[in-house]
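**Student:** Mind having a look at this structure? Questions to follow.
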Amino acid sequence: MNSDLQVPNLLPKEMVAYLDRYIIGQGEAKKSVAIAIRNRYRRSRLPEDWQEEIAPSNIIMMGPTGVGKTEIVRRISKILGTPFVKVEATKFTEVGYVGRDVESMIRDLAEAAVRTVREQRFEEVKDEAQRLANDRLLDILVPKKILRQRASDAGNPLELIFGGTADKDNPLLTDSVDEVNERNDKRTIFREKLKRMELEDEVVEIEVEEKPMTNDLMAQSGMDQVMDNMNDLMKKVMPDKKKKRRMTIAEARKILTEQEADKLLDDDAVAEEAIKLAENHGIVFIDELDKIANAQGGSGPDVSREGVQRDILPIVEGSVVKTKYGNLRTDHVLFIAAGAFHIAKPDDLIPELLGRFPVKVRLSSLSEEDFVQILTNTDYSLIDQYRKILATEDCEAEFTEDGIAELAHIAYLMNASEQDLGARRLVTVMEDMLTEALYQAGEEACTLRIDQAYVQAHVAYAGEAHDYSKYLI
């Protein structure tokens, strides 16, 4: 199967237009990411010899926290349906230390690719899987009953011991024809009810597989690959444990459909396609890259940071990483790194690693106008979220223009006077302003008018006498 067919064909302008719905400003960063991703699609349309020569345009995004670095990559990978993993550079350690090894990011990418391919293939077999799931539900509701064959045809053990032929008229050995017909009629009725979803609230008992327990401590100490290998070995040696659970038919149908889909899917074909998808369209987002940059010139207690950089280097350069689904080449995986770089600078990275990120883009701090746009012109904005939350308690929240402007002004003031937390500052300001309203909501229906006076009365923001420490996260 051609993995290229699984990736939507979006132009850079279309990607940027989509990102504009969720992220305000940062046009340069959006454009750079959109171009890098579109170039991968363009590469896939070239002859294979040219594909091997064209390297991905890896990107470093620099800017304060909360301005949209992670959100840009997360949103774009979501609409493209490409395998995407986000890792933090500080979680990795140099080989020989306790911690995650850098190859784990590629194993995580392989897992993400398998999930992506399985979801795509599941949609293709969904109808057949649902039909088989309904058949299994029917067998639970009305078990099958068929006419038994004569003992001589079935090879009855009693015949082997005592000889002779069992009597076909013996009621102990032969089901009643009327009983079978009645049961078949009943199955037909229940089959139609299942199709019409008339039995969704009925309770049935089905067998489900017990999922193996994961050990977070092992994963954090870099032993996640060992745990995966042990689980795979145990599956081959011992059958999966199953337990019976009681649930509604609606819940059971979902589980049984997934079980039947698993049987219909070819695991080897899924793994092969997933590896190709990850190699050609996978995205690895390395956050906090600045935290492993050594601004002290290679000395001091954090000298191992350079070791982590040197371990990451061959992954970004292009190497082969062994995963449970097969070997994965990283030559054409797109790496996007990000960091605040307010203490360390990109030049503090080792030259070999820095050179593997040819595109460098700086994201700017948010202005008051940006905060206004974030509150009003983004999908699922904070204002809409709090409106929905309060509406569940019969409390209608009305935000006026001057009230929104005041919220933006306060957030900007906090970022300017203390640490720059970007858009995250809006959450703390909104929570502080609405604390009392959220506490009292539900007692009785109410209407909340949030204007400039309300904001000023409920948020302390002006003057040096105010304590801004509560706004720090």
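We label chains A, B, ... in the order they appear in the structure tokens, count residues from 1 in each chain, and number ligands from 1 in the order shown.
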Skip region 9-18 of chain A itself and residues of its chain fewer than 2 positions away, then list as JSON, numbers by chain all residues within 8 Å of it, counting only C-alpha atoms.

**Tutor:** {"A": [7, 20, 21, 22, 27, 30, 31, 34, 35, 38, 41, 76]}

**Student:** Could you take the residues named above and write them with all heavy atoms, as a short mmCIF file (atom, residue, chain, number, x, y, z; two decimals), in the first residue's frame?

**Tutor:**
data_model
loop_
_atom_site.label_atom_id
_atom_site.label_comp_id
_atom_site.auth_asym_id
_atom_site.auth_seq_id
_atom_site.Cartn_x
_atom_site.Cartn_y
_atom_site.Cartn_z
N VAL A 7 -2.17 10.76 3.13
CA VAL A 7 -1.92 12.11 3.63
C VAL A 7 -2.69 13.11 2.78
O VAL A 7 -2.54 13.16 1.57
CB VAL A 7 -0.42 12.43 3.58
CG1 VAL A 7 -0.16 13.83 4.12
CG2 VAL A 7 0.36 11.40 4.38
N ASP A 20 -4.93 29.63 11.65
CA ASP A 20 -5.41 30.94 12.09
C ASP A 20 -6.69 30.84 12.93
O ASP A 20 -7.01 31.76 13.68
CB ASP A 20 -5.67 31.84 10.88
CG ASP A 20 -4.38 32.35 10.25
OD1 ASP A 20 -3.34 32.31 10.94
OD2 ASP A 20 -4.41 32.77 9.07
N ARG A 21 -7.41 29.73 12.79
CA ARG A 21 -8.64 29.55 13.56
C ARG A 21 -8.35 29.29 15.03
O ARG A 21 -9.22 29.47 15.89
CB ARG A 21 -9.46 28.39 12.99
CG ARG A 21 -10.00 28.65 11.58
CD ARG A 21 -10.50 27.37 10.95
NE ARG A 21 -11.37 26.61 11.85
CZ ARG A 21 -11.78 25.36 11.60
NH1 ARG A 21 -11.40 24.74 10.51
NH2 ARG A 21 -12.58 24.75 12.46
N TYR A 22 -7.15 28.85 15.33
CA TYR A 22 -6.83 28.46 16.71
C TYR A 22 -5.68 29.27 17.31
O TYR A 22 -5.56 29.35 18.54
CB TYR A 22 -6.44 26.97 16.75
CG TYR A 22 -7.53 26.06 16.25
CD1 TYR A 22 -7.55 25.63 14.92
CD2 TYR A 22 -8.56 25.63 17.08
CE1 TYR A 22 -8.55 24.80 14.46
CE2 TYR A 22 -9.57 24.80 16.62
CZ TYR A 22 -9.56 24.39 15.30
OH TYR A 22 -10.55 23.57 14.84
N GLY A 27 2.68 34.48 12.12
CA GLY A 27 2.55 34.13 10.70
C GLY A 27 3.79 33.51 10.12
O GLY A 27 3.70 32.58 9.30
N LYS A 30 3.98 29.80 11.23
CA LYS A 30 2.96 29.01 10.53
C LYS A 30 3.37 28.74 9.10
O LYS A 30 3.22 27.63 8.58
CB LYS A 30 1.62 29.75 10.56
CG LYS A 30 0.99 29.90 11.92
CD LYS A 30 -0.26 30.77 11.84
CE LYS A 30 -0.88 31.01 13.19
NZ LYS A 30 -2.01 31.94 13.14
N LYS A 31 3.88 29.79 8.43
CA LYS A 31 4.28 29.64 7.03
C LYS A 31 5.43 28.66 6.89
O LYS A 31 5.43 27.81 5.98
CB LYS A 31 4.68 31.01 6.47
CG LYS A 31 4.98 31.00 4.99
CD LYS A 31 5.46 32.37 4.50
CE LYS A 31 4.37 33.40 4.61
NZ LYS A 31 4.80 34.70 4.00
N ALA A 34 4.13 25.09 7.39
CA ALA A 34 3.30 24.69 6.25
C ALA A 34 4.16 24.37 5.04
O ALA A 34 3.90 23.38 4.32
CB ALA A 34 2.30 25.79 5.93
N ILE A 35 5.18 25.17 4.78
CA ILE A 35 6.06 24.92 3.63
C ILE A 35 6.84 23.61 3.82
O ILE A 35 6.96 22.80 2.88
CB ILE A 35 7.03 26.10 3.44
CG1 ILE A 35 6.27 27.33 2.96
CG2 ILE A 35 8.13 25.74 2.44
CD1 ILE A 35 7.12 28.60 2.93
N ARG A 38 4.42 20.75 3.21
CA ARG A 38 4.06 20.65 1.80
C ARG A 38 5.21 20.13 0.95
O ARG A 38 5.01 19.37 -0.01
CB ARG A 38 3.62 22.03 1.29
CG ARG A 38 3.24 22.04 -0.19
CD ARG A 38 2.01 21.20 -0.46
NE ARG A 38 1.66 21.20 -1.88
CZ ARG A 38 0.57 20.63 -2.40
NH1 ARG A 38 -0.28 20.01 -1.60
NH2 ARG A 38 0.34 20.67 -3.69
N TYR A 41 5.19 16.43 0.71
CA TYR A 41 4.24 15.92 -0.29
C TYR A 41 4.81 16.09 -1.69
O TYR A 41 4.70 15.19 -2.53
CB TYR A 41 2.91 16.66 -0.16
CG TYR A 41 1.93 16.33 -1.27
CD1 TYR A 41 1.22 15.14 -1.25
CD2 TYR A 41 1.74 17.21 -2.34
CE1 TYR A 41 0.34 14.82 -2.28
CE2 TYR A 41 0.86 16.91 -3.35
CZ TYR A 41 0.16 15.72 -3.33
OH TYR A 41 -0.71 15.41 -4.35
N ILE A 76 -1.50 21.13 13.15
CA ILE A 76 -1.27 20.80 11.75
C ILE A 76 -1.16 19.30 11.55
O ILE A 76 -1.64 18.74 10.56
CB ILE A 76 -0.01 21.53 11.21
CG1 ILE A 76 -0.07 21.63 9.68
CG2 ILE A 76 1.25 20.85 11.64
CD1 ILE A 76 -1.11 22.57 9.18
#

**Student:** Skip Ala293 (chain A) itself and residues of its chain fewer than 4 positions away, then list as a ChimeraX atom specification all residues within 8 Å of it, counting only C-alpha atoms.

**Tutor:** /A:289,305-306,309,344-346,348-350

**Student:** Take the residues from that selection and put them in a file with all heavy atoms, as a short mmCIF file (atom, residue, chain, number, x, y, z; two decimals), in the first residue's frame.

**Tutor:**
data_model
loop_
_atom_site.label_atom_id
_atom_site.label_comp_id
_atom_site.auth_asym_id
_atom_site.auth_seq_id
_atom_site.Cartn_x
_atom_site.Cartn_y
_atom_site.Cartn_z
N LEU A 289 14.37 22.29 23.65
CA LEU A 289 15.71 22.01 23.14
C LEU A 289 16.75 22.91 23.80
O LEU A 289 17.91 22.52 23.97
CB LEU A 289 15.74 22.19 21.62
CG LEU A 289 17.03 21.78 20.92
CD1 LEU A 289 17.21 20.27 20.99
CD2 LEU A 289 17.04 22.24 19.47
N ARG A 305 24.63 17.52 29.15
CA ARG A 305 23.73 18.05 28.13
C ARG A 305 24.30 17.87 26.73
O ARG A 305 23.60 17.55 25.78
CB ARG A 305 23.48 19.54 28.39
CG ARG A 305 22.69 19.84 29.65
CD ARG A 305 22.56 21.34 29.83
NE ARG A 305 21.76 21.68 30.99
CZ ARG A 305 21.48 22.92 31.37
NH1 ARG A 305 21.96 23.94 30.64
NH2 ARG A 305 20.76 23.16 32.43
N GLU A 306 25.61 18.11 26.61
CA GLU A 306 26.23 17.95 25.30
C GLU A 306 26.18 16.49 24.86
O GLU A 306 26.05 16.20 23.67
CB GLU A 306 27.67 18.44 25.34
CG GLU A 306 28.35 18.43 23.97
CD GLU A 306 29.71 19.08 23.99
OE1 GLU A 306 29.84 20.15 24.63
OE2 GLU A 306 30.63 18.54 23.35
N GLN A 309 22.88 15.93 23.25
CA GLN A 309 22.89 16.48 21.90
C GLN A 309 23.57 15.52 20.93
O GLN A 309 23.09 15.31 19.81
CB GLN A 309 23.61 17.83 21.88
CG GLN A 309 22.92 18.93 22.65
CD GLN A 309 23.69 20.24 22.54
OE1 GLN A 309 23.94 20.72 21.43
NE2 GLN A 309 24.06 20.81 23.67
N ALA A 344 20.09 30.26 27.19
CA ALA A 344 20.95 29.70 26.16
C ALA A 344 20.50 30.22 24.80
O ALA A 344 19.35 30.62 24.62
CB ALA A 344 20.88 28.17 26.20
N LYS A 345 21.40 30.22 23.86
CA LYS A 345 21.11 30.65 22.50
C LYS A 345 21.27 29.47 21.55
O LYS A 345 21.95 28.48 21.88
CB LYS A 345 22.07 31.78 22.08
CG LYS A 345 22.07 32.98 23.03
CD LYS A 345 20.68 33.59 23.16
CE LYS A 345 20.69 34.76 24.14
NZ LYS A 345 19.31 35.27 24.39
N PRO A 346 20.66 29.53 20.37
CA PRO A 346 20.83 28.43 19.42
C PRO A 346 22.30 28.12 19.14
O PRO A 346 22.67 26.95 18.94
CB PRO A 346 20.13 28.95 18.16
CG PRO A 346 19.09 29.88 18.67
CD PRO A 346 19.70 30.54 19.87
N ASP A 348 24.57 27.97 21.17
CA ASP A 348 25.14 27.16 22.25
C ASP A 348 24.97 25.67 22.00
O ASP A 348 25.54 24.85 22.72
CB ASP A 348 24.49 27.54 23.59
CG ASP A 348 24.85 28.95 24.04
OD1 ASP A 348 26.00 29.35 23.80
OD2 ASP A 348 23.99 29.64 24.61
N LEU A 349 24.16 25.31 21.01
CA LEU A 349 24.07 23.91 20.60
C LEU A 349 25.33 23.53 19.84
O LEU A 349 26.00 24.39 19.25
CB LEU A 349 22.85 23.69 19.70
CG LEU A 349 21.48 23.94 20.33
CD1 LEU A 349 20.40 23.97 19.24
CD2 LEU A 349 21.14 22.86 21.36
N ILE A 350 25.65 22.25 19.82
CA ILE A 350 26.83 21.83 19.07
C ILE A 350 26.59 22.11 17.59
O ILE A 350 25.47 21.97 17.09
CB ILE A 350 27.17 20.34 19.32
CG1 ILE A 350 26.00 19.44 18.89
CG2 ILE A 350 27.52 20.10 20.78
CD1 ILE A 350 26.33 17.95 19.00
#

**Student:** Using only C-alpha atoms, can you tell me which of A:Ala445, A:Met247, A:Ile450, A:Val117 comes closest to Glu273 (chain A)?

**Tutor:**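 Of the candidates, the smallest distance to Glu273 (chain A) is held by A:Val117.
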
**Student:** Would you list the contacts of Arg246 (chain A) as a PyMOL selection string, taking every protein, DNA or RNA residue within 12 Å and counting only C-alpha atoms, but skipping same-chain residues closer than 4 positions in sequence?

**Tutor:** chain A and resi 201-208+250-252

**Student:** Which residues are near Ala278 (chain A)? Cut-off 12 Å, only C-alpha atoms, ignore same chain within fewer than 6 positions. Put them as a PyMOL selection string.

**Tutor:** chain A and resi 3-4+6-7+81-85+105-117+271-272+284+321+323+325-335

**Student:** With only C-alpha atoms as the basis for distance, which of A:Ala274, A:Ser417, A:Met61, A:Gly282 is at the shortest distance from Lys78 (chain A)?

**Tutor:** A:Gly282

**Student:** Could you check which of A:Ala340, A:Val87, A:Val142, A:Val316 is closest to Leu421 (chain A), using only C-alpha atoms?

**Tutor:**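 Looking only at the distances to Leu421 (chain A), the closest residue turns out to be A:Ala340.
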